[in-house]
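Containing mmCIF, C-alpha atoms: run_29.cif.
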data_query
#
loop_
_atom_site.label_atom_id
_atom_site.label_comp_id
_atom_site.auth_asym_id
_atom_site.auth_seq_id
_atom_site.Cartn_x
_atom_site.Cartn_y
_atom_site.Cartn_z
CA MET A 1 0.00 0.00 0.00
CA LYS A 2 1.35 3.42 -0.89
CA GLU A 3 2.34 5.52 2.08
CA HIS A 4 0.06 8.42 1.25
CA TYR A 5 -3.03 6.23 1.48
CA LYS A 6 -2.26 5.24 5.08
CA GLY A 7 -3.47 8.55 6.54
CA SER A 8 -6.77 8.29 4.69
CA LEU A 9 -7.19 4.70 5.84
CA ILE A 10 -6.59 5.66 9.47
CA ILE A 11 -9.15 8.47 9.25
CA ALA A 12 -11.68 6.14 7.59
CA LEU A 13 -11.23 3.55 10.35
CA VAL A 14 -11.51 6.16 13.11
CA THR A 15 -14.68 7.51 11.47
CA ALA A 16 -16.17 4.01 11.20
CA VAL A 17 -15.48 3.27 14.87
CA GLY A 18 -16.92 6.69 15.73
CA LEU A 19 -20.11 5.89 13.87
CA LEU A 20 -20.47 2.62 15.78
CA PHE A 21 -20.21 4.50 19.08
CA LEU A 22 -22.68 7.11 17.88
CA ILE A 23 -25.19 4.48 16.87
CA ALA A 24 -24.80 2.71 20.20
CA SER A 25 -25.62 5.71 22.40
CA PRO A 26 -26.71 8.80 20.59
CA ALA A 27 -28.10 11.21 23.14
CA TYR A 28 -25.31 11.82 25.62
CA ALA A 29 -23.72 15.23 25.57
CA MET A 30 -21.74 17.56 27.74
CA HIS A 31 -23.37 20.69 26.40
CA ILE A 32 -25.77 22.70 28.52
CA ALA A 33 -29.25 21.87 27.27
CA GLU A 34 -31.97 24.30 26.15
CA GLY A 35 -33.60 26.13 29.04
CA ILE A 36 -31.11 25.24 31.76
CA LEU A 37 -29.72 28.76 32.10
CA PRO A 38 -31.89 31.76 33.05
CA ALA A 39 -32.29 34.31 30.24
CA ASN A 40 -29.98 36.95 31.75
CA TRP A 41 -27.12 34.47 32.14
CA ALA A 42 -27.70 33.04 28.68
CA ALA A 43 -27.52 36.58 27.24
CA LEU A 44 -24.34 37.38 29.17
CA TRP A 45 -22.55 34.32 27.80
CA TYR A 46 -23.68 35.25 24.28
CA VAL A 47 -22.00 38.64 24.65
CA VAL A 48 -18.78 37.21 26.11
CA ALA A 49 -18.59 34.46 23.49
CA PHE A 50 -19.06 36.84 20.57
CA VAL A 51 -16.15 38.97 21.79
CA PHE A 52 -14.07 36.02 20.54
CA VAL A 53 -16.22 34.86 17.62
CA ILE A 54 -16.24 38.21 15.76
CA PRO A 55 -12.42 38.59 15.55
CA GLY A 56 -12.26 34.93 14.58
CA THR A 57 -14.63 35.52 11.67
CA TYR A 58 -12.52 38.46 10.54
CA LEU A 59 -9.37 36.31 10.79
CA ILE A 60 -10.93 33.58 8.64
CA ARG A 61 -11.68 36.16 5.92
CA ARG A 62 -8.17 37.54 6.06
CA LYS A 63 -6.37 34.19 6.24
CA THR A 64 -8.35 32.59 3.42
CA ARG A 65 -7.31 35.56 1.28
CA ASP A 66 -3.64 35.54 2.34
CA VAL A 67 -2.85 31.85 2.95
CA LYS A 68 -3.06 29.68 -0.13
CA GLY A 69 -4.84 26.35 0.26
CA LEU A 70 -6.34 27.09 3.67
CA MET A 71 -9.87 25.89 2.88
CA PRO A 72 -9.15 22.13 3.14
CA LEU A 73 -7.48 22.72 6.51
CA LEU A 74 -10.51 24.69 7.72
CA GLY A 75 -12.82 21.96 6.40
CA LEU A 76 -10.79 19.25 8.11
CA THR A 77 -10.62 21.14 11.39
CA GLY A 78 -14.30 22.12 11.45
CA ALA A 79 -15.51 18.61 10.62
CA ALA A 80 -13.10 17.10 13.15
CA ILE A 81 -14.35 19.42 15.92
CA PHE A 82 -17.95 18.58 15.01
CA LEU A 83 -17.33 14.81 15.09
CA ILE A 84 -15.13 14.78 18.19
CA SER A 85 -17.57 16.90 20.19
CA VAL A 86 -20.49 14.53 19.59
CA PHE A 87 -18.42 11.39 20.10
CA PRO A 88 -19.68 9.78 23.32
CA VAL A 89 -16.99 7.76 25.06
CA PRO A 90 -18.05 5.31 27.80
CA VAL A 91 -15.62 5.59 30.71
CA PRO A 92 -14.80 2.28 32.44
CA VAL A 93 -14.91 2.11 36.25
CA THR A 94 -17.00 5.31 36.37
CA GLY A 95 -19.86 3.83 34.32
CA SER A 96 -20.85 7.04 32.56
CA SER A 97 -20.22 8.65 29.18
CA SER A 98 -18.99 11.97 27.95
CA HIS A 99 -17.05 13.30 25.00
CA PRO A 100 -13.93 15.28 24.19
CA SER A 101 -13.93 18.86 22.92
CA GLY A 102 -11.81 18.77 19.77
CA THR A 103 -11.14 22.50 20.01
CA PRO A 104 -7.58 22.15 21.45
CA LEU A 105 -6.67 20.22 18.30
CA GLY A 106 -8.40 22.86 16.18
CA ALA A 107 -6.51 25.65 17.94
CA ILE A 108 -3.14 24.05 17.15
CA LEU A 109 -4.07 23.50 13.51
CA VAL A 110 -5.68 26.88 12.71
CA GLY A 111 -5.15 29.12 15.75
CA PRO A 112 -7.46 29.77 18.72
CA PHE A 113 -9.68 32.49 17.21
CA ILE A 114 -10.48 30.52 14.05
CA SER A 115 -10.96 27.35 16.12
CA THR A 116 -13.47 29.31 18.22
CA VAL A 117 -15.55 30.11 15.12
CA LEU A 118 -15.39 26.50 13.89
CA GLY A 119 -16.43 25.28 17.35
CA ALA A 120 -19.34 27.74 17.39
CA ILE A 121 -20.56 26.46 14.01
CA ALA A 122 -20.29 22.84 15.20
CA LEU A 123 -22.26 23.70 18.34
CA LEU A 124 -24.96 25.46 16.32
CA ILE A 125 -25.48 22.43 14.06
CA GLN A 126 -25.58 20.15 17.11
CA ALA A 127 -28.12 22.41 18.86
CA LEU A 128 -30.34 22.68 15.79
CA PHE A 129 -30.37 19.10 14.53
CA LEU A 130 -28.87 16.72 17.09
CA ALA A 131 -30.67 17.77 20.29
CA HIS A 132 -27.23 18.57 21.77
CA GLY A 133 -27.04 21.84 23.64
CA GLY A 134 -29.54 24.55 22.77
CA ILE A 135 -30.03 27.85 21.00
CA SER A 136 -30.53 29.78 24.26
CA THR A 137 -27.41 28.15 25.74
CA TRP A 138 -25.34 28.44 22.55
CA GLY A 139 -23.33 31.37 23.95
CA ALA A 140 -22.47 29.49 27.15
CA ASN A 141 -21.50 26.38 25.21
CA ILE A 142 -19.37 28.45 22.80
CA MET A 143 -17.64 30.00 25.79
CA SER A 144 -16.80 26.69 27.47
CA MET A 145 -16.00 24.42 24.55
CA ALA A 146 -14.97 26.74 21.72
CA VAL A 147 -13.34 29.69 23.48
CA VAL A 148 -11.83 28.15 26.62
CA GLY A 149 -11.05 24.81 24.96
CA SER A 150 -9.24 26.60 22.13
CA PHE A 151 -7.35 29.18 24.15
CA VAL A 152 -6.30 26.94 27.04
CA GLY A 153 -5.29 24.21 24.59
CA PHE A 154 -3.35 26.66 22.46
CA GLY A 155 -1.71 28.25 25.51
CA ALA A 156 -0.66 24.86 26.87
CA PHE A 157 0.74 23.87 23.48
CA VAL A 158 2.80 27.07 23.18
CA LEU A 159 4.04 26.77 26.76
CA PHE A 160 5.22 23.17 26.39
CA TRP A 161 6.62 23.88 22.93
CA ARG A 162 8.64 26.79 24.32
CA LEU A 163 9.87 24.47 27.10
CA GLN A 164 11.29 22.31 24.29
CA ALA A 165 8.89 19.42 24.84
CA PRO A 166 8.50 17.10 21.82
CA ILE A 167 5.60 17.95 19.54
CA PHE A 168 3.56 14.97 20.74
CA VAL A 169 3.96 15.97 24.40
CA ALA A 170 3.11 19.63 23.71
CA ALA A 171 -0.04 18.63 21.79
CA PHE A 172 -0.91 16.04 24.46
CA ALA A 173 -0.77 18.77 27.12
CA ALA A 174 -3.00 20.95 24.92
CA GLY A 175 -5.65 18.25 24.57
CA LEU A 176 -5.52 17.29 28.24
CA LEU A 177 -5.69 20.79 29.72
CA GLY A 178 -8.08 22.13 27.05
CA ASP A 179 -10.54 19.33 27.81
CA TRP A 180 -10.40 19.84 31.56
CA ALA A 181 -10.67 23.61 31.21
CA THR A 182 -13.81 23.17 29.09
CA TYR A 183 -15.54 21.23 31.86
CA ALA A 184 -14.29 23.59 34.55
CA THR A 185 -15.89 26.44 32.60
CA THR A 186 -19.15 24.51 32.22
CA SER A 187 -19.10 24.00 36.00
CA PHE A 188 -18.57 27.72 36.54
CA GLU A 189 -21.35 28.67 34.11
CA LEU A 190 -23.79 26.38 35.89
CA ALA A 191 -22.69 27.42 39.36
CA SER A 192 -22.79 31.14 38.61
CA ALA A 193 -26.33 30.91 37.23
CA LEU A 194 -27.80 28.38 39.65
CA HIS A 195 -26.14 28.82 43.05
CA GLY A 196 -28.98 31.05 44.29
CA THR A 197 -28.36 32.04 47.90
CA GLY A 198 -25.75 29.32 48.34
CA SER A 199 -22.03 29.61 47.82
CA LEU A 200 -20.89 30.09 44.21
CA TRP A 201 -17.57 28.36 44.78
CA GLY A 202 -19.15 25.62 46.87
CA MET A 203 -21.48 24.74 43.99
CA PHE A 204 -18.67 25.12 41.46
CA GLY A 205 -16.56 22.64 43.43
CA ALA A 206 -19.43 20.18 43.73
CA ILE A 207 -20.18 20.23 39.98
CA ALA A 208 -16.49 20.04 39.02
CA LEU A 209 -16.06 17.11 41.39
CA ALA A 210 -19.08 15.39 39.80
CA PHE A 211 -17.53 15.83 36.35
CA ALA A 212 -14.10 14.64 37.49
CA PRO A 213 -14.48 10.81 37.47
CA THR A 214 -15.64 10.91 33.85
CA GLN A 215 -13.57 13.80 32.59
CA LEU A 216 -10.17 13.01 34.12
CA PRO A 217 -9.60 9.91 31.95
CA LEU A 218 -11.33 11.51 28.98
CA GLY A 219 -8.84 14.39 29.13
CA ILE A 220 -6.01 11.86 28.84
CA LEU A 221 -7.75 10.29 25.84
CA GLU A 222 -8.17 13.70 24.21
CA GLY A 223 -4.50 14.41 24.89
CA LEU A 224 -3.42 11.18 23.20
CA PHE A 225 -5.63 11.84 20.19
CA THR A 226 -4.51 15.46 19.85
CA GLY A 227 -0.86 14.49 20.21
CA GLY A 228 -1.19 11.76 17.59
CA VAL A 229 -2.92 13.92 14.97
CA VAL A 230 -0.62 16.93 15.44
CA SER A 231 2.46 14.69 15.27
CA ILE A 232 1.31 13.17 11.97
CA VAL A 233 0.56 16.58 10.46
CA TYR A 234 3.88 17.98 11.72
CA GLN A 235 5.88 15.10 10.28
CA ARG A 236 4.18 15.02 6.90
CA ARG A 237 3.11 18.62 6.20
CA PRO A 238 4.79 20.94 8.73
CA GLU A 239 4.18 23.93 6.47
CA LEU A 240 0.44 23.62 7.26
CA LEU A 241 1.16 24.55 10.84
CA SER A 242 3.76 27.21 10.16
CA ARG A 243 1.60 29.04 7.61
CA VAL A 244 -1.41 29.50 9.85
CA ILE A 245 0.31 30.29 13.15
CA PRO A 246 3.84 31.24 12.08
CA TYR A 247 4.84 33.04 15.28
CA VAL A 248 4.73 29.71 17.14
CA PHE A 249 6.39 27.45 14.64
CA ARG A 250 9.10 29.81 13.41
CA ALA A 251 10.45 29.70 16.94
CA ALA A 252 10.65 25.91 16.87
CA PRO A 253 13.14 24.76 19.49
CA ALA A 254 15.83 22.43 18.18
CA ALA A 255 15.19 19.85 20.89
CA SER A 256 11.54 19.53 19.86
CA LYS A 257 12.38 18.74 16.29
CA GLU A 258 14.76 16.07 17.47
CA GLY A 259 12.15 14.59 19.77
CA SER A 260 9.27 14.54 17.34
CA MET B 1 21.64 21.58 31.21
CA ARG B 2 19.92 22.53 27.96
CA ASN B 3 17.33 19.84 28.57
CA ILE B 4 16.21 21.07 31.97
CA PRO B 5 13.11 22.97 30.71
CA ARG B 6 12.14 19.93 28.70
CA LEU B 7 12.56 17.62 31.70
CA VAL B 8 10.57 19.98 33.91
CA ALA B 9 7.76 20.13 31.35
CA MET B 10 7.60 16.38 30.89
CA GLY B 11 7.95 15.68 34.61
CA THR B 12 5.11 18.08 35.41
CA LEU B 13 2.92 16.46 32.79
CA ALA B 14 3.73 12.98 34.11
CA LEU B 15 2.74 14.06 37.62
CA ILE B 16 -0.52 15.51 36.31
CA ILE B 17 -1.33 12.24 34.53
CA VAL B 18 -0.56 10.14 37.62
CA ALA B 19 -2.75 12.45 39.74
CA ALA B 20 -5.54 12.25 37.14
CA VAL B 21 -5.52 8.45 37.04
CA ALA B 22 -5.49 8.30 40.84
CA GLY B 23 -8.34 10.83 40.99
CA TRP B 24 -10.35 8.88 38.43
CA ILE B 25 -10.10 5.63 40.41
CA PHE B 26 -10.55 7.33 43.79
CA LEU B 27 -13.60 9.37 42.74
CA ALA B 28 -15.26 6.75 40.51
CA GLU B 29 -17.30 5.25 43.32
CA ASP B 30 -18.89 8.60 44.14
CA ALA B 31 -19.60 9.51 40.51
CA PRO B 32 -23.23 10.60 40.04
CA ARG B 33 -25.21 7.95 38.19
CA GLY B 34 -28.57 8.26 36.51
CA ASP B 35 -31.19 5.64 35.80
CA GLU B 36 -29.43 4.33 32.70
CA ALA B 37 -26.10 2.54 32.52
CA TRP B 38 -23.44 4.58 30.72
CA GLY B 39 -25.54 7.72 31.05
CA GLY B 40 -24.04 10.99 29.83
CA VAL B 41 -22.72 13.71 32.11
CA ASP B 42 -25.33 16.07 30.68
CA VAL B 43 -28.03 14.06 32.44
CA ASN B 44 -26.05 12.76 35.42
CA VAL B 45 -24.38 16.05 36.29
CA ILE B 46 -25.72 19.10 34.42
CA GLN B 47 -29.43 18.29 34.51
CA LYS B 48 -29.20 16.90 38.04
CA TYR B 49 -27.75 20.13 39.45
CA ALA B 50 -30.08 22.23 37.29
CA ALA B 51 -33.10 20.29 38.57
CA ASP B 52 -31.93 20.83 42.16
CA ALA B 53 -31.95 24.57 41.39
CA GLY B 54 -35.41 24.39 39.82
CA ARG B 55 -34.33 24.55 36.16
CA VAL B 56 -35.52 21.86 33.78
CA ALA B 57 -34.25 21.28 30.25
CA ARG B 58 -36.73 22.33 27.56
CA THR B 59 -37.50 20.41 24.39
CA PRO B 60 -35.12 21.48 21.61
CA ILE B 61 -36.49 23.87 18.97
CA ILE B 62 -36.11 21.16 16.33
CA ASN B 63 -36.78 18.03 18.34
CA THR B 64 -34.98 15.13 16.67
CA ASP B 65 -34.91 13.17 19.93
CA GLN B 66 -37.92 11.05 18.94
CA GLY B 67 -37.64 7.34 18.39
CA ASP B 68 -35.04 6.42 15.79
CA LEU B 69 -35.03 9.90 14.26
CA LEU B 70 -32.03 10.90 16.36
CA LEU B 71 -30.16 7.77 15.27
CA PHE B 72 -30.84 8.72 11.67
CA VAL B 73 -29.62 12.29 12.14
CA PHE B 74 -26.51 11.12 14.01
CA THR B 75 -25.67 8.57 11.37
CA ILE B 76 -26.10 11.05 8.53
CA SER B 77 -24.11 13.78 10.28
CA GLY B 78 -21.39 11.30 11.24
CA ALA B 79 -21.16 10.04 7.68
CA VAL B 80 -21.04 13.56 6.19
CA GLY B 81 -18.52 14.71 8.82
CA GLY B 82 -16.41 11.61 8.21
CA PHE B 83 -16.49 12.20 4.47
CA VAL B 84 -15.39 15.83 4.88
CA VAL B 85 -12.56 14.85 7.26
CA SER B 86 -11.36 12.08 4.93
CA TYR B 87 -11.58 14.24 1.80
CA CYS B 88 -9.73 17.18 3.34
CA TRP B 89 -7.15 14.89 4.97
CA ARG B 90 -6.45 13.35 1.58
CA LYS B 91 -6.18 16.81 -0.01
CA LEU B 92 -3.79 17.97 2.70
CA ILE B 93 -1.79 14.90 3.62
CA GLY B 94 -2.51 12.22 1.02
CA GLU B 95 -1.55 14.40 -1.92
CA LYS B 96 1.56 15.75 -0.22
CA ASP B 97 3.86 14.30 -2.84
CA THR B 98 2.42 16.69 -5.41
CA VAL B 99 2.98 19.73 -3.19
CA LYS B 100 6.37 21.37 -3.04
CA SER B 101 7.32 22.20 0.54
CA ASP B 102 8.25 25.73 1.45
CA CYS B 103 8.22 25.09 5.17
CA PRO B 104 10.76 27.13 7.10
CA LEU B 105 11.07 24.31 9.63
CA ARG B 106 12.01 21.48 7.40
CA GLN B 107 12.91 22.87 4.05
CA GLY B 108 14.74 20.25 2.09
CA GLU B 109 14.16 17.50 4.65
CA ARG B 110 11.11 15.92 3.08
CA GLU B 111 11.34 13.50 0.21
CA GLN B 112 10.31 14.88 -3.12
CA PRO B 113 9.23 12.61 -5.99
#

Just give me the structure of the file as structure tokens.
Amino acid sequence: MKEHYKGSLIIALVTAVGLLFLIASPAYAMHIAEGILPANWAALWYVVAFVFVIPGTYLIRRKTRDVKGLMPLLGLTGAAIFLISVFPVPVPVTGSSSHPSGTPLGAILVGPFISTVLGAIALLIQALFLAHGGISTWGANIMSMAVVGSFVGFGAFVLFWRLQAPIFVAAFAAGLLGDWATYATTSFELASALHGTGSLWGMFGAIALAFAPTQLPLGILEGLFTGGVVSIVYQRRPELLSRVIPYVFRAAPAASKEGS
Amino acid sequence: MRNIPRLVAMGTLALIIVAAVAGWIFLAEDAPRGDEAWGGVDVNVIQKYAADAGRVARTPIINTDQGDLLLFVFTISGAVGGFVVSYCWRKLIGEKDTVKSDCPLRQGEREQP
């Protein structure tokens, strides 16, 4: 088999396995469902989320004009975020299911602002057609999964990359911390809207602790997946990464290239 | 000495992973469980805490969660998403031999046909 078909085969197999999981248990999501948040909180998260979405939209327009051949990368990243964020993974020992975010991977491939826009589009499709999330809670879900997942993942990647970690390790850290940060933000959004007369941080801690048994191992899984995909892209088409976010990859430490 | 930042980064990450695995096993017994096995955290965590605060999830605007309709929509969206990922991956990675690299990181390192 020719080498350049191997990547396509891997993606096809991953997609097929993903479909099997989706068929087995379709309705489990991490997103905040329609009607959970009061209207004032839902509106607040819309405003905060669009502070990030609007510059991201502008960046997409500018980058697609300036960077040749960006559209397939945007298509790949957007579809990957959509699939990953509706991919329910049953967690052994805990006995529950949840799914990764996909936005840390997107942030490494196309940058955090563009990844935010792609995450927002994925969340909108899920809210409209897949009964995942909701239109009223779209802003809150954008904030947790698209904004925080992208920016924390990207920040972790840059930090570990600057510390001369191998590319796999830097991307692993991005996936791991981006995933956990997403759920921490969801916990904060719920706690801030629903704590009533009780303690905000007490409720935040309780919700985060309830997420932890499912999300701790899932973060590791997201880290492994993110590390694997970014390593393959870096080894086979490193110019894809350096074109979109050049200020990170032009400063590639020598040790990282050796370790990748 | 040049590898100290790298060792610190990888050591920190290793500690985080060990703590995460320990936390997973330690907390698993107390994980909130719903009526169904392998229930999602949206029901077991989000909707549980929302219900305690008097908020109940509303029916989605377009309610596909009816019978096998949701299975159909998931299958279609998974298939379309999988097709897009595969097609774009092939355009980007599979056809790499036809693309001349101008990468500042690895110029000249990759094999050209």

- Give me, please, the distance in Å between CA of Gly81 (chain B) and CA of Ala79 (chain A), quoted to one decimal. 5.2 Å

- Item | Residues in the PyMOL selection byres ((chain A and resi 73) around 12), expressed as a VMD selection string | (chain A and resid 60 63 to 64 67 to 72 74 to 80 106 to 111 114 to 115 118 233 237 239 to 241 243 to 244) or (chain B and resid 84 to 93)

- Task: Taking the file as shown, find all residues satisfying the PyMOL selection byres ((chain A and resi 149-159) around 7) and write them as JSON, numbers by chain.
- Result: {"A": [101, 103, 104, 107, 108, 112, 115, 116, 144, 145, 146, 147, 148, 160, 161, 162, 163, 170, 171, 173, 174, 175, 177, 178, 179, 181, 182, 248]}

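For the choices B:Arg55, B:Lys48, B:Phe72, B:Ala19, the atom-to-atom distance to chain A is smallest for B:Arg55 when using all atoms listed in the file.
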
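Pairwise distance (CA of Phe83 (chain B), CA of Ser85 (chain A)) equals 16.4 Å.
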
- Item | Distance of CA of Asp65 (chain B) from CA of Ala42 (chain A), expressed in Å to one decimal place | 22.9 Å

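Nearest to Val21 (chain B) of all the residues A:Gly139, A:Gly228, A:Pro213, A:Pro238 is A:Pro213, counting all atoms listed in the file.
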
- Message: Please determine, counting all atoms listed in the file, which residue among A:Ala206, A:Leu224, A:Ile232, A:Leu59 has the shortest atom-to-atom distance to Phe113 (chain A).
- Response: A:Leu59

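Minimum atom-to-atom distances from A:Val93, A:Val48, A:Ala184, A:Ala120 to chain B were compared using all atoms listed in the file, and the lowest value belongs to A:Val93.
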
- Might you spell out which residues the PyMOL selection byres ((chain A and resi 44) around 12) would select in the displayed file, as a ChimeraX atom specification? /A:37-43,45-51,136-140,143,189,192-193

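Compared by their closest atoms to Ala208 (chain A), and using all atoms listed in the file, the residues B:Ala79, B:Val56, B:Ile46, B:Leu71 rank with B:Ile46 nearest.
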
- For Ser97 (chain A): contacts at 7 Å, all atoms listed in the file, fewer than 3 positions along chain excluded, given as a PyMOL selection string: (chain A and resi 28+88-91+214) or (chain B and resi 38-41)

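Nearest-residue note for Gln47 (chain B): choosing from B:Gly94, B:Pro60, B:Pro32, B:Ile17, the minimum distance belongs to B:Pro32, counting all atoms listed in the file.
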
- What's the 7 Å shell around His31 (chain A), counting all atoms listed in the file, without same-chain residues fewer than 5 positions away, as a PyMOL selection string? (chain A and resi 132-133+141) or (chain B and resi 42)

List every protein, DNA or RNA residue that has at least one atom no more than 7 Å from (5.1, 17.9, 29.0) in the file's coordinates, counting only C-alpha atoms, and write the result as a short mmCIF file (atom, residue, chain, number, x, y, z; two decimals) with C-alpha atoms, in the frame of the given file.
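So the final result, stored in out01.cif, reads:
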data_model
loop_
_atom_site.label_atom_id
_atom_site.label_comp_id
_atom_site.auth_asym_id
_atom_site.auth_seq_id
_atom_site.Cartn_x
_atom_site.Cartn_y
_atom_site.Cartn_z
CA PHE A 160 5.22 23.17 26.39
CA ALA A 165 8.89 19.42 24.84
CA VAL A 169 3.96 15.97 24.40
CA ALA A 170 3.11 19.63 23.71
CA ALA A 173 -0.77 18.77 27.12
CA ALA B 9 7.76 20.13 31.35
CA MET B 10 7.60 16.38 30.89
CA GLY B 11 7.95 15.68 34.61
CA THR B 12 5.11 18.08 35.41
CA LEU B 13 2.92 16.46 32.79
#

Select region 121-128 of chain A in the preceding structure and write all heavy atoms to a file as a short mmCIF file (atom, residue, chain, number, x, y, z; two decimals), in the first residue's frame.
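Produced file result.cif, reproduced below:
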data_model
loop_
_atom_site.label_atom_id
_atom_site.label_comp_id
_atom_site.auth_asym_id
_atom_site.auth_seq_id
_atom_site.Cartn_x
_atom_site.Cartn_y
_atom_site.Cartn_z
N ILE A 121 -19.73 27.02 15.10
CA ILE A 121 -20.56 26.46 14.01
C ILE A 121 -20.96 25.02 14.34
O ILE A 121 -22.12 24.62 14.17
CB ILE A 121 -19.79 26.53 12.67
CG1 ILE A 121 -19.57 27.99 12.26
CG2 ILE A 121 -20.54 25.77 11.57
CD1 ILE A 121 -18.58 28.17 11.12
N ALA A 122 -19.99 24.23 14.83
CA ALA A 122 -20.29 22.84 15.20
C ALA A 122 -21.38 22.80 16.27
O ALA A 122 -22.32 22.00 16.19
CB ALA A 122 -19.02 22.16 15.70
N LEU A 123 -21.27 23.68 17.26
CA LEU A 123 -22.26 23.70 18.34
C LEU A 123 -23.64 24.12 17.84
O LEU A 123 -24.66 23.61 18.32
CB LEU A 123 -21.79 24.67 19.44
CG LEU A 123 -20.67 24.15 20.34
CD1 LEU A 123 -20.02 25.29 21.12
CD2 LEU A 123 -21.19 23.09 21.29
N LEU A 124 -23.67 25.03 16.86
CA LEU A 124 -24.96 25.46 16.32
C LEU A 124 -25.66 24.30 15.59
O LEU A 124 -26.86 24.07 15.77
CB LEU A 124 -24.75 26.64 15.36
CG LEU A 124 -26.02 27.21 14.73
CD1 LEU A 124 -26.94 27.79 15.80
CD2 LEU A 124 -25.69 28.29 13.70
N ILE A 125 -24.88 23.57 14.78
CA ILE A 125 -25.48 22.43 14.06
C ILE A 125 -25.98 21.38 15.07
O ILE A 125 -27.07 20.83 14.92
CB ILE A 125 -24.44 21.80 13.10
CG1 ILE A 125 -24.04 22.82 12.02
CG2 ILE A 125 -24.99 20.54 12.45
CD1 ILE A 125 -22.85 22.39 11.19
N GLN A 126 -25.17 21.14 16.10
CA GLN A 126 -25.58 20.15 17.11
C GLN A 126 -26.85 20.61 17.84
O GLN A 126 -27.73 19.79 18.12
CB GLN A 126 -24.44 19.95 18.12
CG GLN A 126 -23.24 19.23 17.52
CD GLN A 126 -22.00 19.35 18.39
OE1 GLN A 126 -22.06 19.78 19.54
NE2 GLN A 126 -20.86 18.97 17.84
N ALA A 127 -26.93 21.90 18.14
CA ALA A 127 -28.12 22.41 18.86
C ALA A 127 -29.36 22.35 17.98
O ALA A 127 -30.46 22.05 18.45
CB ALA A 127 -27.86 23.84 19.32
N LEU A 128 -29.18 22.63 16.68
CA LEU A 128 -30.34 22.68 15.79
C LEU A 128 -30.85 21.28 15.42
O LEU A 128 -32.06 21.05 15.40
CB LEU A 128 -29.97 23.43 14.50
CG LEU A 128 -29.97 24.96 14.59
CD1 LEU A 128 -29.47 25.55 13.29
CD2 LEU A 128 -31.36 25.50 14.92
#
